[in-house]
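Okay, final27.tsv now, which holds TSV, C-alpha atoms:
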chain	number	residue	atom	x	y	z
A	1	VAL	CA	-9.30	-55.48	-11.56
A	2	VAL	CA	-7.13	-52.83	-9.91
A	3	VAL	CA	-8.42	-49.27	-9.45
A	4	CYS	CA	-5.72	-46.80	-8.44
A	5	GLY	CA	-5.38	-43.09	-7.85
A	6	MET	CA	-8.22	-41.69	-5.81
A	7	GLY	CA	-6.79	-40.12	-2.65
A	8	LEU	CA	-3.35	-41.55	-3.41
A	9	GLY	CA	-1.54	-38.22	-3.18
A	10	LEU	CA	1.67	-37.14	-4.86
A	11	ASP	CA	4.32	-37.87	-2.23
A	12	ASP	CA	7.09	-40.49	-2.23
A	13	GLN	CA	4.84	-43.12	-0.68
A	14	ALA	CA	2.29	-42.61	-3.47
A	15	ARG	CA	5.08	-43.01	-6.06
A	16	ASP	CA	6.17	-46.21	-4.35
A	17	ILE	CA	2.62	-47.58	-4.42
A	18	LEU	CA	2.23	-46.80	-8.13
A	19	ALA	CA	5.67	-48.30	-8.84
A	20	LEU	CA	4.58	-51.46	-6.96
A	21	ILE	CA	1.45	-51.67	-9.12
A	22	ARG	CA	3.55	-51.06	-12.25
A	23	ASP	CA	5.89	-53.90	-11.29
A	24	SER	CA	3.18	-56.31	-10.11
A	25	ILE	CA	0.29	-55.92	-12.57
A	26	SER	CA	-0.24	-58.92	-14.84
A	27	LEU	CA	-1.63	-59.54	-18.29
A	28	LYS	CA	-4.68	-61.08	-16.60
A	29	GLN	CA	-5.61	-57.86	-14.80
A	30	VAL	CA	-7.46	-54.71	-15.81
A	31	LEU	CA	-6.07	-51.47	-14.41
A	32	ILE	CA	-8.08	-48.27	-13.97
A	33	LEU	CA	-6.00	-45.14	-13.36
A	34	ASP	CA	-7.61	-42.01	-11.96
A	35	ALA	CA	-6.78	-38.80	-10.10
A	36	SER	CA	-3.39	-38.80	-8.36
A	37	ALA	CA	-2.14	-41.82	-10.34
A	38	LEU	CA	-2.59	-39.80	-13.53
A	39	ASP	CA	-0.83	-36.79	-12.04
A	40	LEU	CA	2.08	-38.95	-10.89
A	41	ILE	CA	2.41	-40.48	-14.35
A	42	SER	CA	2.31	-37.00	-15.90
A	43	GLN	CA	5.34	-36.14	-13.73
A	44	GLN	CA	7.15	-39.44	-14.28
A	45	LYS	CA	6.09	-41.41	-17.38
A	46	ASP	CA	7.99	-44.55	-16.36
A	47	LEU	CA	5.44	-45.07	-13.56
A	48	LEU	CA	2.86	-46.06	-16.20
A	49	PRO	CA	1.96	-49.73	-15.74
A	50	VAL	CA	1.92	-51.23	-19.24
A	51	ASN	CA	1.79	-54.96	-18.50
A	52	SER	CA	-1.92	-55.19	-17.77
A	53	LYS	CA	-4.56	-56.83	-19.92
A	54	LEU	CA	-6.20	-53.42	-20.32
A	55	VAL	CA	-5.39	-50.01	-18.88
A	56	ILE	CA	-8.24	-47.52	-18.54
A	57	PHE	CA	-7.49	-43.84	-17.98
A	58	THR	CA	-10.27	-41.77	-16.37
A	59	PRO	CA	-9.03	-38.17	-16.32
A	60	HIS	CA	-11.04	-35.00	-16.28
A	61	GLN	CA	-9.87	-32.48	-18.86
A	62	MET	CA	-7.27	-30.80	-16.60
A	63	GLU	CA	-5.74	-34.14	-15.61
A	64	TRP	CA	-5.63	-35.07	-19.30
A	65	GLN	CA	-3.94	-31.74	-20.05
A	66	ARG	CA	-1.25	-32.47	-17.43
A	67	LEU	CA	-0.71	-35.98	-18.79
A	68	SER	CA	-0.93	-35.30	-22.52
A	69	LYS	CA	0.24	-31.65	-22.61
A	70	ILE	CA	-2.80	-30.97	-24.83
A	71	LYS	CA	-4.48	-27.77	-23.61
A	72	ILE	CA	-8.16	-28.13	-22.82
A	73	ALA	CA	-9.11	-25.82	-25.71
A	74	ASP	CA	-7.15	-28.08	-28.10
A	75	GLN	CA	-8.46	-31.41	-26.82
A	76	ASN	CA	-10.28	-32.98	-29.74
A	77	ASP	CA	-10.89	-36.51	-30.91
A	78	GLN	CA	-7.87	-36.59	-33.21
A	79	SER	CA	-5.35	-35.22	-30.68
A	80	ASN	CA	-6.74	-37.32	-27.82
A	81	GLN	CA	-6.62	-40.49	-29.90
A	82	ALA	CA	-3.09	-39.74	-31.15
A	83	PHE	CA	-1.73	-39.17	-27.65
A	84	LEU	CA	-3.43	-42.30	-26.28
A	85	ASN	CA	-1.76	-44.33	-29.04
A	86	GLU	CA	1.59	-42.71	-28.27
A	87	LEU	CA	1.21	-43.24	-24.52
A	88	VAL	CA	0.28	-46.92	-24.79
A	89	PRO	CA	1.95	-48.51	-27.84
A	90	ARG	CA	0.65	-51.99	-26.89
A	91	LYS	CA	-2.84	-50.83	-27.98
A	92	ASN	CA	-4.46	-52.09	-24.80
A	93	ALA	CA	-5.87	-48.81	-23.48
A	94	ILE	CA	-9.17	-47.00	-23.16
A	95	LEU	CA	-9.54	-43.31	-22.34
A	96	VAL	CA	-12.58	-42.00	-20.48
A	97	LEU	CA	-12.23	-38.24	-20.85
A	98	LYS	CA	-14.62	-36.75	-18.31
A	99	SER	CA	-16.34	-33.47	-19.15
A	100	ASN	CA	-19.85	-32.17	-19.59
A	101	HIS	CA	-19.90	-34.51	-22.61
A	102	THR	CA	-17.72	-37.42	-21.50
A	103	LYS	CA	-16.14	-39.40	-24.31
A	104	VAL	CA	-14.74	-42.91	-24.25
A	105	TYR	CA	-11.95	-43.74	-26.72
A	106	ASP	CA	-10.31	-47.03	-27.61
A	107	GLN	CA	-7.15	-47.40	-29.66
A	108	ALA	CA	-8.95	-48.80	-32.70
A	109	GLY	CA	-10.38	-45.34	-33.37
A	110	ASN	CA	-13.79	-45.97	-31.81
A	111	ILE	CA	-15.35	-43.16	-29.79
A	112	TYR	CA	-18.44	-43.25	-27.59
A	113	ARG	CA	-19.95	-39.86	-26.69
A	114	ASN	CA	-22.02	-40.06	-23.53
A	115	PRO	CA	-25.32	-38.22	-24.12
A	116	PHE	CA	-26.36	-38.35	-20.47
A	117	GLY	CA	-25.39	-36.40	-17.36
A	118	ASN	CA	-26.14	-33.08	-15.73
A	119	PRO	CA	-24.48	-30.13	-13.96
A	120	GLY	CA	-25.38	-31.56	-10.55
A	121	MET	CA	-22.63	-34.14	-11.10
A	122	ALA	CA	-19.89	-31.49	-10.79
A	123	ILE	CA	-19.04	-32.43	-7.22
A	124	GLY	CA	-16.05	-33.99	-5.51
A	125	GLY	CA	-16.05	-37.75	-5.53
A	126	MET	CA	-18.17	-38.14	-8.66
A	127	GLY	CA	-15.17	-39.18	-10.78
A	128	ASP	CA	-13.99	-41.53	-8.03
A	129	THR	CA	-17.40	-43.16	-8.11
A	130	LEU	CA	-17.20	-43.52	-11.88
A	131	ALA	CA	-13.78	-45.19	-11.66
A	132	GLY	CA	-15.23	-47.64	-9.14
A	133	ILE	CA	-18.24	-48.40	-11.34
A	134	ILE	CA	-15.95	-48.99	-14.32
A	135	GLY	CA	-13.91	-51.34	-12.13
A	136	GLY	CA	-17.05	-53.19	-11.08
A	137	PHE	CA	-18.27	-53.54	-14.66
A	138	CYS	CA	-14.86	-54.76	-15.85
A	139	GLY	CA	-14.87	-57.36	-13.08
A	140	GLN	CA	-18.32	-58.64	-14.08
A	141	TYR	CA	-18.25	-58.32	-17.87
A	142	THR	CA	-15.72	-58.52	-20.68
A	143	PRO	CA	-13.45	-55.50	-20.24
A	144	ASN	CA	-13.72	-53.57	-23.51
A	145	LEU	CA	-15.04	-50.31	-24.95
A	146	LYS	CA	-18.65	-51.46	-24.76
A	147	THR	CA	-18.36	-52.37	-21.08
A	148	VAL	CA	-16.61	-49.12	-20.17
A	149	ALA	CA	-19.12	-47.06	-22.17
A	150	GLY	CA	-21.92	-48.94	-20.39
A	151	ALA	CA	-20.44	-48.04	-17.01
A	152	VAL	CA	-20.13	-44.38	-18.04
A	153	GLY	CA	-23.71	-44.41	-19.33
A	154	ILE	CA	-25.28	-46.01	-16.26
A	155	HIS	CA	-23.32	-43.61	-14.02
A	156	SER	CA	-24.81	-40.63	-15.86
A	157	ILE	CA	-28.31	-42.07	-16.30
A	158	THR	CA	-28.41	-42.73	-12.57
A	159	ALA	CA	-27.26	-39.17	-11.87
A	160	ASP	CA	-29.98	-37.87	-14.19
A	161	GLU	CA	-32.58	-39.81	-12.21
A	162	ILE	CA	-31.32	-38.32	-8.93
A	163	ALA	CA	-31.22	-34.81	-10.45
A	164	LYS	CA	-34.98	-34.97	-11.02
A	165	LYS	CA	-35.41	-34.37	-7.27
A	166	HIS	CA	-32.04	-32.95	-6.15
A	167	TYR	CA	-30.01	-29.99	-7.37
A	168	ILE	CA	-26.70	-31.69	-6.50
A	169	VAL	CA	-26.05	-35.37	-7.13
A	170	ARG	CA	-24.01	-36.78	-4.28
A	171	PRO	CA	-21.78	-39.78	-5.02
A	172	THR	CA	-23.32	-41.68	-2.09
A	173	GLN	CA	-26.78	-41.24	-3.61
A	174	LEU	CA	-25.50	-42.45	-6.95
A	175	SER	CA	-23.79	-45.53	-5.50
A	176	ALA	CA	-26.95	-46.45	-3.58
A	177	LEU	CA	-29.15	-46.22	-6.69
A	178	ILE	CA	-26.82	-47.97	-9.17
A	179	PRO	CA	-28.03	-51.56	-8.50
A	180	ALA	CA	-31.67	-50.65	-9.15
A	181	MET	CA	-30.73	-48.75	-12.31
A	182	MET	CA	-28.64	-51.67	-13.56
A	183	ARG	CA	-31.61	-53.93	-13.01
A	184	LYS	CA	-33.86	-51.47	-14.87
A	185	TYR	CA	-31.55	-51.25	-17.89
A	186	GLU	CA	-30.00	-54.72	-17.92
A	187	LYS	CA	-31.67	-55.66	-21.19

Using C-alpha cells, write down the structure that the file contains.
Amino acid sequence: VVVCGMGLGLDDQARDILALIRDSISLKQVLILDASALDLISQQKDLLPVNSKLVIFTPHQMEWQRLSKIKIADQNDQSNQAFLNELVPRKNAILVLKSNHTKVYDQAGNIYRNPFGNPGMAIGGMGDTLAGIIGGFCGQYTPNLKTVAGAVGIHSITADEIAKKHYIVRPTQLSALIPAMMRKYEK
C-alpha cells in the first residue's frame, strides 16, 4: 500500500516524487492519493499512476473540483461517477469524496454514504488521518469498496465518540482511539 500526497507540496520535487510513484507502482499495490498529489494531478493529468491494483482518491470537495472541474454545487452522484470512470478507464478506482456527508464510490456504480461524523472533524490533518486509516485497512483486508467504506465509517464513528467530550476532534486523539474502536466494532 502506498499513501501519497499529504504535505507533498506542489513544487518540482513533489512532481518528481509523484512521477516516480507513477513509474514504479505495480499491479500488486494499492495507491491512495490525497491532498497535494490530487492537486498535482489536476495540473498535469499524466502524473496519474494507473498501473496499481487499485487507486483510491480521497479529495475534499474543493480538491475534487480542481481535479474534475465539477463545481461543488454541481457535484452529484452521477457527475462524480462519470468523471471517475473517465479519469480511470481501467475501472480500478474508488473515490472517497469527503464532506459533511462523505460518500465512497466505486466504478461499478456502488455508492456508500457515510452516516457518521460531526462538525468537530473540520480541522487540519483529519483528512490525512483518514487516508492513513484507509491505507491501514487496505493493507490488512481485501482492498475494495467494503474495506474503504469500513475505514471511512470507523474514522467517523471514532470522531463521534471523541466529540461526546470534546468540541474539536484532534487527529491525534482519533488515531489513539482507533484500535479500541476497531476492537469494539470488529464483528

Next item on the list: Fewer than 2 positions away in the same chain doesn't count, so skip those; otherwise give me all residues within 10 Å of Thr158 in chain A, counting all atoms listed in the file, as a PyMOL selection string.
Entry: chain A and resi 116-117+153-156+160-163+169+173-182

If you take all atoms listed in the file and a cut-off of 12 Å, which residues of range 2-67 of chain A touch range 136-140 of chain A, and what are their nearest atom pairs and distances in Å to one decimal, in chain and number order, as JSON lines?
{"residue": "A:Val2", "atom": "CA", "partner": "A:Gly139", "partner_atom": "CA", "distance": 9.5}
{"residue": "A:Val3", "atom": "CA", "partner": "A:Gly136", "partner_atom": "CA", "distance": 9.6}
{"residue": "A:Lys28", "atom": "CA", "partner": "A:Gly139", "partner_atom": "CA", "distance": 11.4}
{"residue": "A:Gln29", "atom": "CA", "partner": "A:Gly139", "partner_atom": "CA", "distance": 9.4}
{"residue": "A:Val30", "atom": "CA", "partner": "A:Cys138", "partner_atom": "CA", "distance": 7.4}
{"residue": "A:Leu31", "atom": "CA", "partner": "A:Cys138", "partner_atom": "CA", "distance": 9.5}
{"residue": "A:Ile32", "atom": "CA", "partner": "A:Cys138", "partner_atom": "CA", "distance": 9.6}
{"residue": "A:Lys53", "atom": "CA", "partner": "A:Cys138", "partner_atom": "CA", "distance": 11.3}
{"residue": "A:Leu54", "atom": "CA", "partner": "A:Cys138", "partner_atom": "CA", "distance": 9.8}
{"residue": "A:Val55", "atom": "CA", "partner": "A:Cys138", "partner_atom": "CA", "distance": 11.0}
{"residue": "A:Ile56", "atom": "CA", "partner": "A:Cys138", "partner_atom": "CA", "distance": 10.2}

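Nearest to Gly150 in chain A of all the residues A:Pro115, A:Gly124, A:Pro171, A:Gly7 is A:Pro115, counting only C-alpha atoms.
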
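Note that CA of Ile41 in chain A and CA of Met121 in chain A are 26.0 Å apart.
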
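In terms of minimum interatomic distance to Asp23 in chain A, A:Leu48 ranks closest within A:Ile168, A:Leu10, A:Leu48, A:Val88, counting all atoms listed in the file.
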
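Between Ile25 in chain A and the residues A:Ala37, A:Leu8, A:Val50, A:Val152, the shortest atom-to-atom distance, using only C-alpha atoms, involves A:Val50.
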
Next item on the list: Take CA of Ser24 in chain A and CA of Cys4 in chain A and report the distance between them in Å, one decimal.
Entry: 13.1 Å

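The closest residue to Ile133 in chain A, picked from A:Thr58, A:Ser36, A:Asp106, A:Ala19 and counting only C-alpha atoms, is A:Thr58.
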
Next item on the list: Tell me, in Å to one decimal, how far CA of Gln13 in chain A is from CA of Leu47 in chain A.
Entry: 13.0 Å

Margin query: Please determine, counting only C-alpha atoms, which residue among A:Asn80, A:Ile157, A:Pro49, A:Thr147 has the shortest atom-to-atom distance to Lys184 in chain A.
Written below: A:Ile157

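Nearest to Val148 in chain A of all the residues A:Tyr185, A:Phe57, A:Met126, A:Arg170 is A:Phe57, counting all atoms listed in the file.
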
Next item on the list: Would you list the contacts of Val104 in chain A as a PyMOL selection string, taking every protein, DNA or RNA residue within 8 Å and counting all atoms listed in the file, but skipping same-chain residues closer than 6 positions in sequence?
Entry: chain A and resi 94-97+111-114+145+148-149

Note to self: Set the distance at 9 Å and use all atoms listed in the file: which residues neighbour Arg66 in chain A once local chain neighbours fewer than 2 positions away are removed? I'd like the list as a VMD selection string.
What the structure shows: chain A and resid 38 to 39 42 to 43 61 to 64 68 to 71

Could you put an axis-aligned box around every listed atom of range 28-37 of chain A, padded by 5 Å on each side, and send me its centre and edge lengths in Å to one decimal, as lines of an AutoDock Vina configuration file?
center_x = -5.1
center_y = -49.9
center_z = -12.5
size_x = 15.9
size_y = 32.3
size_z = 18.2
